[in-house]
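Shown below: coords-v8.csv, with CSV, C-alpha atoms and all ligand atoms.
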chain,number,residue,atom,x,y,z
T,1,MET,CA,-54.3,31.1,89.7
T,2,MET,CA,-53.5,27.4,89.8
T,3,ASN,CA,-56.1,24.8,91.0
T,4,GLY,CA,-58.0,27.9,92.2
T,5,LYS,CA,-55.0,28.9,94.2
T,6,THR,CA,-53.0,32.1,93.6
T,7,ASP,CA,-49.3,31.7,92.8
T,8,VAL,CA,-47.7,34.3,95.1
T,9,LYS,CA,-44.7,34.4,92.8
T,10,ASN,CA,-47.0,36.2,90.4
T,11,LEU,CA,-47.7,39.0,92.9
T,12,THR,CA,-45.8,42.3,93.3
T,13,LEU,CA,-45.6,43.5,96.9
T,14,ASP,CA,-48.6,45.7,96.3
T,15,ASP,CA,-50.5,42.8,94.9
T,16,LEU,CA,-49.6,40.7,97.9
T,17,ILE,CA,-50.7,43.5,100.2
T,18,ALA,CA,-54.1,43.6,98.5
T,19,PHE,CA,-54.3,39.8,98.5
T,20,LEU,CA,-53.8,39.7,102.3
T,21,ALA,CA,-56.0,42.7,102.9
T,22,GLY,CA,-58.8,40.6,101.3
T,23,LYS,CA,-58.2,38.2,104.1
T,24,GLY,CA,-58.2,40.9,106.8
T,25,LYS,CA,-54.4,40.7,107.3
T,26,GLU,CA,-52.1,43.7,107.9
T,27,ARG,CA,-49.7,45.0,105.2
T,28,TYR,CA,-46.5,44.2,107.1
T,29,ARG,CA,-47.4,40.5,106.8
T,30,ALA,CA,-47.0,40.9,103.0
T,31,ARG,CA,-43.5,42.3,103.4
T,32,GLN,CA,-42.6,39.4,105.7
T,33,ILE,CA,-43.8,36.9,103.1
T,34,PHE,CA,-42.2,38.8,100.2
T,35,LYS,CA,-38.8,38.7,102.1
T,36,TRP,CA,-39.2,35.0,102.8
T,37,LEU,CA,-39.8,34.3,99.1
T,38,TYR,CA,-37.0,36.4,97.6
T,39,GLN,CA,-34.4,36.9,100.3
T,40,LYS,CA,-34.6,33.5,102.0
T,41,ASP,CA,-35.8,31.6,99.0
T,42,ALA,CA,-38.6,29.9,100.9
T,43,ARG,CA,-40.3,27.1,99.0
T,44,SER,CA,-43.2,26.6,101.4
T,45,PHE,CA,-45.3,28.7,103.8
T,46,ALA,CA,-44.5,26.2,106.6
T,47,GLU,CA,-40.9,27.6,106.6
T,48,MET,CA,-42.1,31.1,107.3
T,49,THR,CA,-41.6,30.7,111.0
T,50,ASP,CA,-42.2,34.3,112.1
T,51,LEU,CA,-45.8,34.2,110.7
T,52,ALA,CA,-48.6,33.1,113.0
T,53,LYS,CA,-49.6,29.5,112.5
T,54,ASP,CA,-53.1,30.4,111.3
T,55,LEU,CA,-51.8,32.7,108.7
T,56,ARG,CA,-49.4,30.0,107.4
T,57,ARG,CA,-52.4,27.7,107.2
T,58,ASP,CA,-54.6,30.3,105.4
T,59,MET,CA,-51.8,30.9,102.9
T,60,GLU,CA,-51.4,27.2,102.3
T,61,GLU,CA,-55.1,26.9,101.5
T,62,ALA,CA,-55.3,29.9,99.3
T,63,ALA,CA,-51.9,30.1,97.6
T,64,ILE,CA,-49.0,28.2,96.2
T,65,ILE,CA,-45.3,29.1,95.8
T,66,SER,CA,-44.2,28.1,92.3
T,67,ASN,CA,-40.6,27.2,91.5
T,68,LEU,CA,-38.4,26.2,88.6
T,69,GLU,CA,-35.6,23.7,88.7
T,70,PRO,CA,-33.2,23.4,85.8
T,71,GLU,CA,-33.9,20.2,83.8
T,72,ALA,CA,-30.6,20.5,82.1
T,73,LEU,CA,-27.4,22.5,82.5
T,74,GLU,CA,-24.7,22.9,79.9
T,75,VAL,CA,-21.4,24.5,80.8
T,76,SER,CA,-19.4,26.0,78.0
T,77,ARG,CA,-15.6,25.9,77.8
T,78,ASP,CA,-15.5,29.6,78.6
T,79,GLY,CA,-17.7,29.1,81.7
T,80,THR,CA,-21.0,30.2,80.2
T,81,ARG,CA,-23.8,28.2,81.7
T,82,LYS,CA,-27.1,27.5,79.9
T,83,TYR,CA,-30.0,26.4,82.0
T,84,LEU,CA,-33.0,24.6,80.5
T,85,PHE,CA,-36.3,25.0,82.4
T,86,ARG,CA,-39.4,22.9,81.7
T,87,LEU,CA,-42.6,24.8,82.5
T,88,GLU,CA,-45.8,23.4,83.9
T,89,ASP,CA,-47.3,22.9,80.4
T,90,GLY,CA,-44.3,21.1,79.0
T,91,ASN,CA,-42.9,24.1,77.2
T,92,THR,CA,-39.2,24.9,77.8
T,93,VAL,CA,-37.2,28.1,78.2
T,94,GLU,CA,-33.6,28.8,78.6
T,95,SER,CA,-31.5,31.3,80.7
T,96,VAL,CA,-27.8,31.9,80.1
T,97,LEU,CA,-25.3,32.9,82.8
T,98,ILE,CA,-22.3,34.7,81.5
T,99,PRO,CA,-19.5,34.9,84.1
T,100,GLU,CA,-17.2,37.8,83.8
T,101,GLU,CA,-14.5,38.8,86.3
T,102,ASP,CA,-16.4,41.5,88.2
T,103,ARG,CA,-19.9,41.0,87.0
T,104,THR,CA,-21.9,37.9,86.3
T,105,THR,CA,-24.8,38.6,84.0
T,106,LEU,CA,-27.9,36.4,83.7
T,107,CYS,CA,-29.7,36.6,80.4
T,108,ILE,CA,-33.4,35.6,80.9
T,109,SER,CA,-36.3,34.7,78.6
T,110,SER,CA,-39.6,36.5,78.6
T,111,GLN,CA,-41.6,34.4,76.1
T,112,VAL,CA,-41.7,30.8,74.7
T,113,GLY,CA,-40.7,31.5,71.1
T,114,CYS,CA,-41.2,35.0,69.7
T,115,ALA,CA,-43.5,36.7,67.2
T,116,MET,CA,-41.0,39.4,66.0
T,117,ALA,CA,-39.7,37.1,63.2
T,118,CYS,CA,-36.3,38.9,62.9
T,119,GLU,CA,-34.6,37.3,59.9
T,120,PHE,CA,-31.3,36.7,61.6
T,121,CYS,CA,-32.6,35.3,64.9
T,122,LEU,CA,-33.1,31.6,65.6
T,123,THR,CA,-35.9,32.2,68.1
T,124,GLY,CA,-37.7,34.1,65.4
T,125,THR,CA,-38.0,31.0,63.3
T,126,PHE,CA,-40.3,29.5,65.9
T,127,ARG,CA,-43.6,31.0,66.3
T,128,LEU,CA,-44.7,32.5,69.6
T,129,ALA,CA,-46.0,29.7,71.8
T,130,ARG,CA,-47.0,31.9,74.7
T,131,ASN,CA,-45.9,34.6,77.1
T,132,LEU,CA,-44.1,33.7,80.3
T,133,THR,CA,-45.9,34.6,83.6
T,134,ALA,CA,-44.2,37.0,86.0
T,135,ALA,CA,-43.5,34.0,88.2
T,136,GLU,CA,-41.8,32.1,85.4
T,137,ILE,CA,-39.6,35.1,84.7
T,138,VAL,CA,-38.7,35.7,88.3
T,139,ASN,CA,-38.2,32.0,89.0
T,140,GLN,CA,-35.4,31.8,86.3
T,141,ILE,CA,-33.5,34.2,88.5
T,142,CYS,CA,-34.4,32.4,91.8
T,143,ALA,CA,-33.2,29.1,90.4
T,144,VAL,CA,-29.9,30.3,89.0
T,145,ARG,CA,-29.1,32.3,92.1
T,146,ARG,CA,-29.1,29.0,94.1
T,147,ASP,CA,-26.3,27.9,91.9
T,148,VAL,CA,-24.2,31.1,91.3
T,149,PRO,CA,-24.5,34.7,92.6
T,150,VAL,CA,-26.0,36.9,89.9
T,151,ARG,CA,-25.0,40.5,89.6
T,152,ASN,CA,-26.8,41.8,86.4
T,153,ILE,CA,-30.0,40.8,84.7
T,154,VAL,CA,-30.6,41.3,81.0
T,155,PHE,CA,-33.9,40.5,79.3
T,156,MET,CA,-32.1,39.3,76.2
T,157,GLY,CA,-33.0,35.6,76.1
T,158,MET,CA,-35.9,34.2,74.2
T,159,GLY,CA,-38.8,36.5,73.4
T,160,GLU,CA,-39.6,40.1,73.0
T,161,PRO,CA,-40.1,41.4,76.6
T,162,LEU,CA,-42.1,44.5,75.5
T,163,ALA,CA,-44.6,42.2,73.8
T,164,ASN,CA,-45.3,40.7,77.2
T,165,LEU,CA,-45.2,44.0,79.0
T,166,ASP,CA,-47.7,43.4,81.8
T,167,ASN,CA,-45.9,40.3,83.1
T,168,VAL,CA,-42.4,41.8,82.5
T,169,VAL,CA,-43.3,44.9,84.5
T,170,LYS,CA,-44.6,42.8,87.3
T,171,ALA,CA,-41.4,40.7,87.3
T,172,LEU,CA,-39.3,43.9,87.3
T,173,LYS,CA,-41.2,45.2,90.3
T,174,ILE,CA,-40.2,42.0,92.1
T,175,ILE,CA,-36.7,42.0,90.8
T,176,LEU,CA,-36.1,45.7,91.8
T,177,HIS,CA,-37.9,45.9,95.1
T,178,ASP,CA,-35.8,46.2,98.3
T,179,ASP,CA,-37.9,43.5,100.0
T,180,GLY,CA,-37.8,41.4,96.8
T,181,LEU,CA,-34.8,40.3,94.7
T,182,GLN,CA,-33.1,43.7,95.5
T,183,PHE,CA,-31.4,44.4,92.2
T,184,SER,CA,-30.4,48.0,91.6
T,185,THR,CA,-32.0,49.6,88.6
T,186,ARG,CA,-28.4,50.0,87.2
T,187,ARG,CA,-28.0,46.3,87.0
T,188,VAL,CA,-31.2,45.4,85.1
T,189,THR,CA,-31.6,45.9,81.4
T,190,VAL,CA,-34.7,45.3,79.2
T,191,SER,CA,-33.9,44.7,75.5
T,192,THR,CA,-36.4,45.4,72.7
T,193,ALA,CA,-36.6,45.0,69.0
T,194,GLY,CA,-38.4,48.4,69.0
T,195,LEU,CA,-42.0,48.3,70.2
T,196,VAL,CA,-42.4,52.1,70.4
T,197,PRO,CA,-45.6,52.6,72.5
T,198,GLU,CA,-44.4,49.9,74.9
T,199,MET,CA,-41.0,51.6,75.3
T,200,GLU,CA,-42.9,54.6,76.5
T,201,ARG,CA,-45.1,52.6,78.8
T,202,LEU,CA,-42.1,50.7,80.3
T,203,GLY,CA,-40.4,54.1,81.1
T,204,ARG,CA,-43.6,55.3,82.8
T,205,GLU,CA,-44.1,52.2,84.9
T,206,VAL,CA,-40.5,51.3,86.1
T,207,THR,CA,-37.0,52.7,86.2
T,208,VAL,CA,-34.8,50.3,84.3
T,209,ASN,CA,-32.0,50.4,81.7
T,210,LEU,CA,-33.1,50.0,78.1
T,211,ALA,CA,-31.3,48.2,75.2
T,212,VAL,CA,-32.6,48.6,71.7
T,213,SER,CA,-31.7,46.1,69.0
T,214,LEU,CA,-31.1,48.6,66.1
T,215,ASN,CA,-29.2,46.3,63.8
T,216,ALA,CA,-29.5,48.5,60.7
T,217,THR,CA,-28.9,52.2,59.8
T,218,THR,CA,-31.5,52.5,57.0
T,219,ASP,CA,-35.2,51.7,56.9
T,220,ASP,CA,-34.6,49.6,53.8
T,221,VAL,CA,-32.3,47.2,55.5
T,222,ARG,CA,-34.2,47.3,58.8
T,223,ASP,CA,-37.5,46.6,57.2
T,224,ARG,CA,-36.0,43.6,55.6
T,225,ILE,CA,-34.4,42.0,58.7
T,226,MET,CA,-36.7,43.2,61.4
T,227,PRO,CA,-40.4,43.3,60.3
T,228,ILE,CA,-41.3,45.4,63.3
T,229,ASN,CA,-39.6,48.3,61.6
T,230,ARG,CA,-42.4,48.5,59.0
T,231,LYS,CA,-44.7,49.5,61.9
T,232,TYR,CA,-42.2,51.6,63.9
T,233,PRO,CA,-39.5,52.9,61.5
T,234,LEU,CA,-36.2,54.3,62.6
T,235,ARG,CA,-37.3,57.9,63.1
T,236,MET,CA,-40.1,56.8,65.5
T,237,LEU,CA,-37.8,54.4,67.3
T,238,LEU,CA,-35.0,56.9,67.8
T,239,ASP,CA,-37.6,59.5,69.0
T,240,ALA,CA,-38.7,56.9,71.6
T,241,CYS,CA,-35.0,56.4,72.6
T,242,ARG,CA,-34.6,60.2,73.0
T,243,SER,CA,-37.5,60.5,75.4
T,244,TYR,CA,-36.9,57.3,77.4
T,245,PRO,CA,-36.4,58.2,81.1
T,246,LEU,CA,-33.2,56.4,81.9
T,247,PRO,CA,-32.1,55.8,85.5
T,248,GLY,CA,-29.6,58.4,86.7
T,249,ARG,CA,-27.2,59.5,84.0
T,250,ARG,CA,-27.2,56.2,82.2
T,251,LYS,CA,-27.0,55.6,78.5
T,252,ILE,CA,-29.2,53.6,76.2
T,253,THR,CA,-27.5,50.4,75.0
T,254,ILE,CA,-27.7,50.1,71.2
T,255,GLU,CA,-27.3,46.6,70.1
T,256,TYR,CA,-26.0,46.1,66.5
T,257,VAL,CA,-25.7,42.6,65.1
T,258,MET,CA,-23.1,42.8,62.3
T,259,ILE,CA,-24.0,40.7,59.3
T,260,LYS,CA,-21.5,40.3,56.4
T,261,GLY,CA,-22.2,42.4,53.4
T,262,LEU,CA,-25.5,43.7,54.8
T,263,ASN,CA,-24.8,46.2,57.5
T,264,ASP,CA,-21.1,46.0,58.3
T,265,SER,CA,-19.6,48.7,56.0
T,266,LEU,CA,-17.9,51.9,57.0
T,267,GLU,CA,-20.9,53.8,55.4
T,268,ASP,CA,-23.1,52.0,58.0
T,269,ALA,CA,-20.8,53.1,60.8
T,270,LYS,CA,-21.0,56.7,59.6
T,271,ARG,CA,-24.8,56.6,59.3
T,272,LEU,CA,-25.0,55.0,62.8
T,273,VAL,CA,-23.0,57.9,64.3
T,274,LYS,CA,-25.4,60.4,62.7
T,275,LEU,CA,-28.5,58.5,63.9
T,276,LEU,CA,-27.2,58.4,67.5
T,277,SER,CA,-25.6,61.9,67.5
T,278,ASP,CA,-28.1,63.3,70.0
T,279,ILE,CA,-28.9,60.1,72.0
T,280,PRO,CA,-26.9,59.3,75.1
T,281,SER,CA,-25.9,55.8,74.0
T,282,LYS,CA,-23.3,53.0,74.2
T,283,ILE,CA,-23.0,50.6,71.4
T,284,ASN,CA,-22.7,46.8,71.6
T,285,LEU,CA,-21.5,45.3,68.3
T,286,ILE,CA,-22.5,41.7,68.1
T,287,PRO,CA,-20.9,39.7,65.2
T,288,PHE,CA,-23.7,37.6,63.8
T,289,ASN,CA,-23.7,34.1,65.1
T,290,GLU,CA,-24.3,31.7,62.3
T,291,HIS,CA,-27.0,29.0,62.7
T,292,ASP,CA,-28.9,26.6,60.5
T,293,GLY,CA,-32.0,28.8,60.5
T,294,CYS,CA,-30.4,31.5,58.3
T,295,SER,CA,-28.0,32.0,55.4
T,296,PHE,CA,-26.4,35.2,56.7
T,297,LYS,CA,-22.7,35.1,57.5
T,298,SER,CA,-20.5,36.6,60.3
T,299,PRO,CA,-18.6,39.7,59.3
T,300,GLU,CA,-14.8,39.6,58.6
T,301,GLN,CA,-12.7,40.5,61.6
T,302,GLY,CA,-11.3,43.4,59.4
T,303,ALA,CA,-14.8,44.8,59.0
T,304,ILE,CA,-15.5,44.6,62.7
T,305,ASP,CA,-12.3,46.4,63.5
T,306,VAL,CA,-13.0,49.2,61.0
T,307,PHE,CA,-16.5,49.7,62.3
T,308,HIS,CA,-15.5,49.6,66.0
T,309,SER,CA,-12.6,52.0,65.5
T,310,TYR,CA,-14.7,54.5,63.6
T,311,LEU,CA,-17.3,54.6,66.4
T,312,LEU,CA,-14.5,55.0,69.0
T,313,SER,CA,-13.0,57.9,66.9
T,314,LYS,CA,-16.4,59.6,67.3
T,315,HIS,CA,-16.2,59.2,71.1
T,316,PHE,CA,-18.8,56.5,71.5
T,317,THR,CA,-18.5,53.8,74.1
T,318,VAL,CA,-18.3,50.6,72.1
T,319,ILE,CA,-18.0,47.0,73.1
T,320,THR,CA,-17.6,44.2,70.5
T,321,ARG,CA,-19.3,41.2,72.1
T,322,SER,CA,-17.3,38.0,71.9
T,323,SER,CA,-19.4,35.0,71.1
T,324,ARG,CA,-19.6,33.5,74.6
T,325,GLY,CA,-21.0,30.0,74.9
T,326,ALA,CA,-21.2,29.3,71.2
T,327,ASP,CA,-20.1,25.7,71.8
T,328,ILE,CA,-23.3,25.0,73.8
T,329,SER,CA,-25.6,27.1,71.5
T,330,ALA,CA,-25.9,29.7,74.3
T,331,ALA,CA,-24.7,32.6,72.2
T,332,CYS,CA,-26.9,35.6,71.2
T,333,GLY,CA,-29.8,34.5,69.0
T,334,GLN,CA,-29.0,30.8,69.4
T,335,LEU,CA,-31.3,29.8,72.2
T,336,LYS,CA,-33.5,27.0,71.0
T,337,GLY,CA,-35.2,25.4,74.0
T,338,LYS,CA,-38.4,25.6,72.0
T,339,LEU,CA,-36.9,23.2,69.5
T,340,ASP,CA,-37.4,20.1,71.6
T,341,LYS,CA,-41.1,20.9,72.0
T,342,SER,CA,-41.7,21.6,68.3
T,343,VAL,CA,-39.8,18.4,67.4
T,344,ALA,CA,-41.7,16.5,70.0
T,345,SER,CA,-45.0,17.6,68.6
T,346,ILE,CA,-44.4,16.7,65.0
T,401,LIG,N1,-36.4,40.7,71.5
T,401,LIG,C1,-35.4,41.4,72.2
T,401,LIG,C2,-34.7,40.5,73.1
T,401,LIG,C3,-33.9,39.4,72.4
T,401,LIG,S1,-32.2,40.0,72.6
T,401,LIG,C4,-34.6,42.2,71.3
T,401,LIG,O1,-34.7,42.1,70.1
T,401,LIG,O2,-33.8,43.0,71.8
T,401,LIG,C5,-31.4,39.1,71.6
T,401,LIG,C6,-30.3,40.0,71.0
T,401,LIG,O3,-29.5,39.1,70.2
T,401,LIG,C7,-30.8,41.1,70.1
T,401,LIG,O4,-30.0,42.2,70.2
T,401,LIG,C8,-30.7,40.5,68.7
T,401,LIG,O5,-30.5,41.5,67.7
T,401,LIG,C9,-29.4,39.6,68.9
T,401,LIG,N2,-29.4,38.4,68.0
T,401,LIG,C10,-30.4,37.7,67.6
T,401,LIG,N3,-30.0,36.7,66.8
T,401,LIG,C11,-28.6,36.8,66.7
T,401,LIG,C12,-27.6,36.1,66.0
T,401,LIG,N4,-27.9,35.1,65.2
T,401,LIG,N5,-26.3,36.5,66.2
T,401,LIG,C13,-26.0,37.6,67.0
T,401,LIG,N6,-27.0,38.3,67.6
T,401,LIG,C14,-28.2,37.9,67.5
Any chance you could give the structure as structure tokens?
Amino acid sequence: MMNGKTDVKNLTLDDLIAFLAGKGKERYRARQIFKWLYQKDARSFAEMTDLAKDLRRDMEEAAIISNLEPEALEVSRDGTRKYLFRLEDGNTVESVLIPEEDRTTLCISSQVGCAMACEFCLTGTFRLARNLTAAEIVNQICAVRRDVPVRNIVFMGMGEPLANLDNVVKALKIILHDDGLQFSTRRVTVSTAGLVPEMERLGREVTVNLAVSLNATTDDVRDRIMPINRKYPLRMLLDACRSYPLPGRRKITIEYVMIKGLNDSLEDAKRLVKLLSDIPSKINLIPFNEHDGCSFKSPEQGAIDVFHSYLLSKHFTVITRSSRGADISAACGQLKGKLDKSVASI
């Protein structure tokens, strides 16, 4: 609600049907409006010319259509584009578009800041300011799509999506719906630091790919770099991976940030293979991106190569992520849109 008005961008199609039913309107009207919002990118009810005039007027009185416009856009030498969005309350979030030959991936944020406090992550050094609304999540996609076609969506920007599950599920229902943003389940991935009960709930409520930021092969190391592990240790996390209902015959993406001298040894690679032996998974190795918030170092190329080859030799699908957009601080773990707010408020 905003000024007593409902933001229709916060409504799934079912919510919109219920909203209109409350006004005595038929359900097909909701589909019409939904399509206007997401397929024709309508910014006002006045544009919705196939709706009766009185319905358009009723909607204008009862509802608003929120929107995000990028306040700044930085383009990296490698083509990565970082969008900065300012929200109604002055907070900012960032989305990063990573162009690749056949698939452009948009990395979106789900919270302003983050409460997970992972030791290696810059976002974790800011506290959680607040959750994003479903509208703010969806509007990042709507805004970037006006600029560049988007093929894949990953919830790997700022925040822990499963700590904002209600709004993330709503946003996913809009993103995945045929009358909404029309993304196929194969092209949408939610990434988590490992909130076990919420992984189960996500799987029950929507069909979507899952990525898990594993980042360590022992509870000792994981406890240290990811405090959430003290609540949901590796055994519980891997059980939740095993029972996660993936779309079709997909695999879970295991993200593994390699940090020099901490988790980048051949022993780690061997333990990783054992941990994942009965989990259909593909592994993303992400060499740690150094930043001022943390004294960890990137691994040597040699260590990355040994780790990568070992996993390959055990028949895993492995991708070593190159550090895209590092020159504009758009690389993994480097988003810092929150910074200007915290600096401003000092
Ligand atoms: N909270 C979710 C979504 C954030 S995704 C999650 O934890 O999955 C961000 C990804 O970037 C995570 O896999 C995280 O492990 C990784 N990451 C964070 N900081 C990083 C850094 N400095 N260098 C490389 N990867 C980093």
Shell around Phe288 in chain T at 9 Å using all atoms listed in the file, local window under 6 positions removed, as a PyMOL selection string: chain T and resi 120+257-260+296-299+323+332-333
Near-ligand residues for ligand LIG 401 (chain T), threshold 7 Å, all atoms listed in the file, as JSON, numbers by chain: {"T": [120, 121, 122, 155, 156, 157, 158, 159, 160, 161, 191, 192, 193, 211, 212, 213, 215, 255, 256, 257, 286, 287, 288, 289, 290, 291, 332, 333, 334]}
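Of the listed residues (T:Gly180, T:Gly24, T:Gly79, T:Pro227), T:Gly79 comes nearest to Val148 in chain T; the distances count only C-alpha atoms.
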Selection near range 36-41 of chain T, 9 Å with all atoms listed in the file, sequence-local residues under 2 positions removed, as a PyMOL selection string: chain T and resi 8-9+31-34+43-45+47-48+65+142+146+174-175+179-182
Residues near Ser184 in chain T, cut-off 12 Å, all atoms listed in the file, skip fewer than 5 positions along chain, as a PDB file with C-alpha atoms, in the frame of the given file:
ATOM      1  CA  ARG T 151     -25.000  40.500  89.600  1.00  0.00           C
ATOM      2  CA  ASN T 152     -26.800  41.800  86.400  1.00  0.00           C
ATOM      3  CA  ILE T 153     -30.000  40.800  84.700  1.00  0.00           C
ATOM      4  CA  LEU T 172     -39.300  43.900  87.300  1.00  0.00           C
ATOM      5  CA  LYS T 173     -41.200  45.200  90.300  1.00  0.00           C
ATOM      6  CA  ILE T 174     -40.200  42.000  92.100  1.00  0.00           C
ATOM      7  CA  ILE T 175     -36.700  42.000  90.800  1.00  0.00           C
ATOM      8  CA  LEU T 176     -36.100  45.700  91.800  1.00  0.00           C
ATOM      9  CA  HIS T 177     -37.900  45.900  95.100  1.00  0.00           C
ATOM     10  CA  ASP T 178     -35.800  46.200  98.300  1.00  0.00           C
ATOM     11  CA  THR T 189     -31.600  45.900  81.400  1.00  0.00           C
ATOM     12  CA  VAL T 206     -40.500  51.300  86.100  1.00  0.00           C
ATOM     13  CA  THR T 207     -37.000  52.700  86.200  1.00  0.00           C
ATOM     14  CA  VAL T 208     -34.800  50.300  84.300  1.00  0.00           C
ATOM     15  CA  ASN T 209     -32.000  50.400  81.700  1.00  0.00           C
ATOM     16  CA  PRO T 247     -32.100  55.800  85.500  1.00  0.00           C
ATOM     17  CA  GLY T 248     -29.600  58.400  86.700  1.00  0.00           C
TER      18      GLY T 248
END
Nearest to Thr12 in chain T, chosen from T:Ser322, T:Asn139, T:Asn167, T:Thr125, with only C-alpha atoms counted in the distances: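 Checking each candidate against Thr12 in chain T, we get T:Asn167 as the closest.
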CA of Asn91 in chain T to CA of Ile137 in chain T, distance in Å rounded to a single decimal: 13.7 Å
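Distance annotation: of T:Asp278, T:Ala326, T:Ala163, T:Met59, the residue with the minimal separation from Ile98 in chain T is T:Ala326; atom set is all atoms listed in the file.
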Take every atom of range 205-220 of chain T listed in the file, fit an axis-aligned box around them, add 6 Å per side, and give the centre and edge lengths in Å to one decimal as lines of an AutoDock Vina configuration file.
center_x = -36.5
center_y = 49.4
center_z = 70.0
size_x = 27.2
size_y = 18.6
size_z = 44.4
Exercise: range 129-133 of chain T partners within 10 Å, only C-alpha atoms, chain neighbours under 5 positions left out, as a list in words: Lys9, Asn10, Leu87, Asn91, Val93, Ser109, Ser110, Gln111, Val112, Gly113, Cys114, Ala115, Val138, Asn139, Gly159, Glu160, Pro161, Ala163, Asn164, Leu165, Asp166, Asn167, Val168, Lys170, Ala171, Lys338 and Ser342 of chain T
Neighbour list for Asn284 in chain T as a ChimeraX atom specification, cut-off 9 Å, all atoms listed in the file, skip fewer than 6 positions in-chain: /T:253-257,317-321
For Val221 in chain T, the nearest of the candidates T:Cys118, T:Val169, T:Val154, T:Ala30, counting all atoms listed in the file: T:Cys118
Between CA of Ala216 in chain T and CA of Ile279 in chain T - distance in Å to one decimal: 16.2 Å
Written-out range 301-324 of chain T (C-alpha atoms) as a PDB file, in the first residue's frame:
ATOM      1  CA  GLN T 301      45.999 -19.607 -10.830  1.00  0.00           C
ATOM      2  CA  GLY T 302      47.839 -22.909 -10.241  1.00  0.00           C
ATOM      3  CA  ALA T 303      45.584 -23.759  -7.281  1.00  0.00           C
ATOM      4  CA  ILE T 304      42.481 -22.957  -9.317  1.00  0.00           C
ATOM      5  CA  ASP T 305      43.699 -25.177 -12.167  1.00  0.00           C
ATOM      6  CA  VAL T 306      44.443 -28.136  -9.878  1.00  0.00           C
ATOM      7  CA  PHE T 307      41.079 -27.804  -8.112  1.00  0.00           C
ATOM      8  CA  HIS T 308      39.173 -27.441 -11.393  1.00  0.00           C
ATOM      9  CA  SER T 309      40.943 -30.398 -13.067  1.00  0.00           C
ATOM     10  CA  TYR T 310      40.368 -32.661 -10.089  1.00  0.00           C
ATOM     11  CA  LEU T 311      36.617 -31.993 -10.171  1.00  0.00           C
ATOM     12  CA  LEU T 312      36.562 -32.573 -13.924  1.00  0.00           C
ATOM     13  CA  SER T 313      38.416 -35.872 -13.487  1.00  0.00           C
ATOM     14  CA  LYS T 314      35.593 -36.935 -11.158  1.00  0.00           C
ATOM     15  CA  HIS T 315      33.047 -36.128 -13.890  1.00  0.00           C
ATOM     16  CA  PHE T 316      31.571 -32.989 -12.385  1.00  0.00           C
ATOM     17  CA  THR T 317      30.405 -30.119 -14.545  1.00  0.00           C
ATOM     18  CA  VAL T 318      32.695 -27.278 -13.472  1.00  0.00           C
ATOM     19  CA  ILE T 319      32.850 -23.651 -14.503  1.00  0.00           C
ATOM     20  CA  THR T 320      35.510 -21.316 -13.167  1.00  0.00           C
ATOM     21  CA  ARG T 321      33.946 -17.860 -13.138  1.00  0.00           C
ATOM     22  CA  SER T 322      36.039 -15.136 -14.612  1.00  0.00           C
ATOM     23  CA  SER T 323      35.822 -11.911 -12.681  1.00  0.00           C
ATOM     24  CA  ARG T 324      33.458  -9.983 -14.948  1.00  0.00           C
TER      25      ARG T 324
END
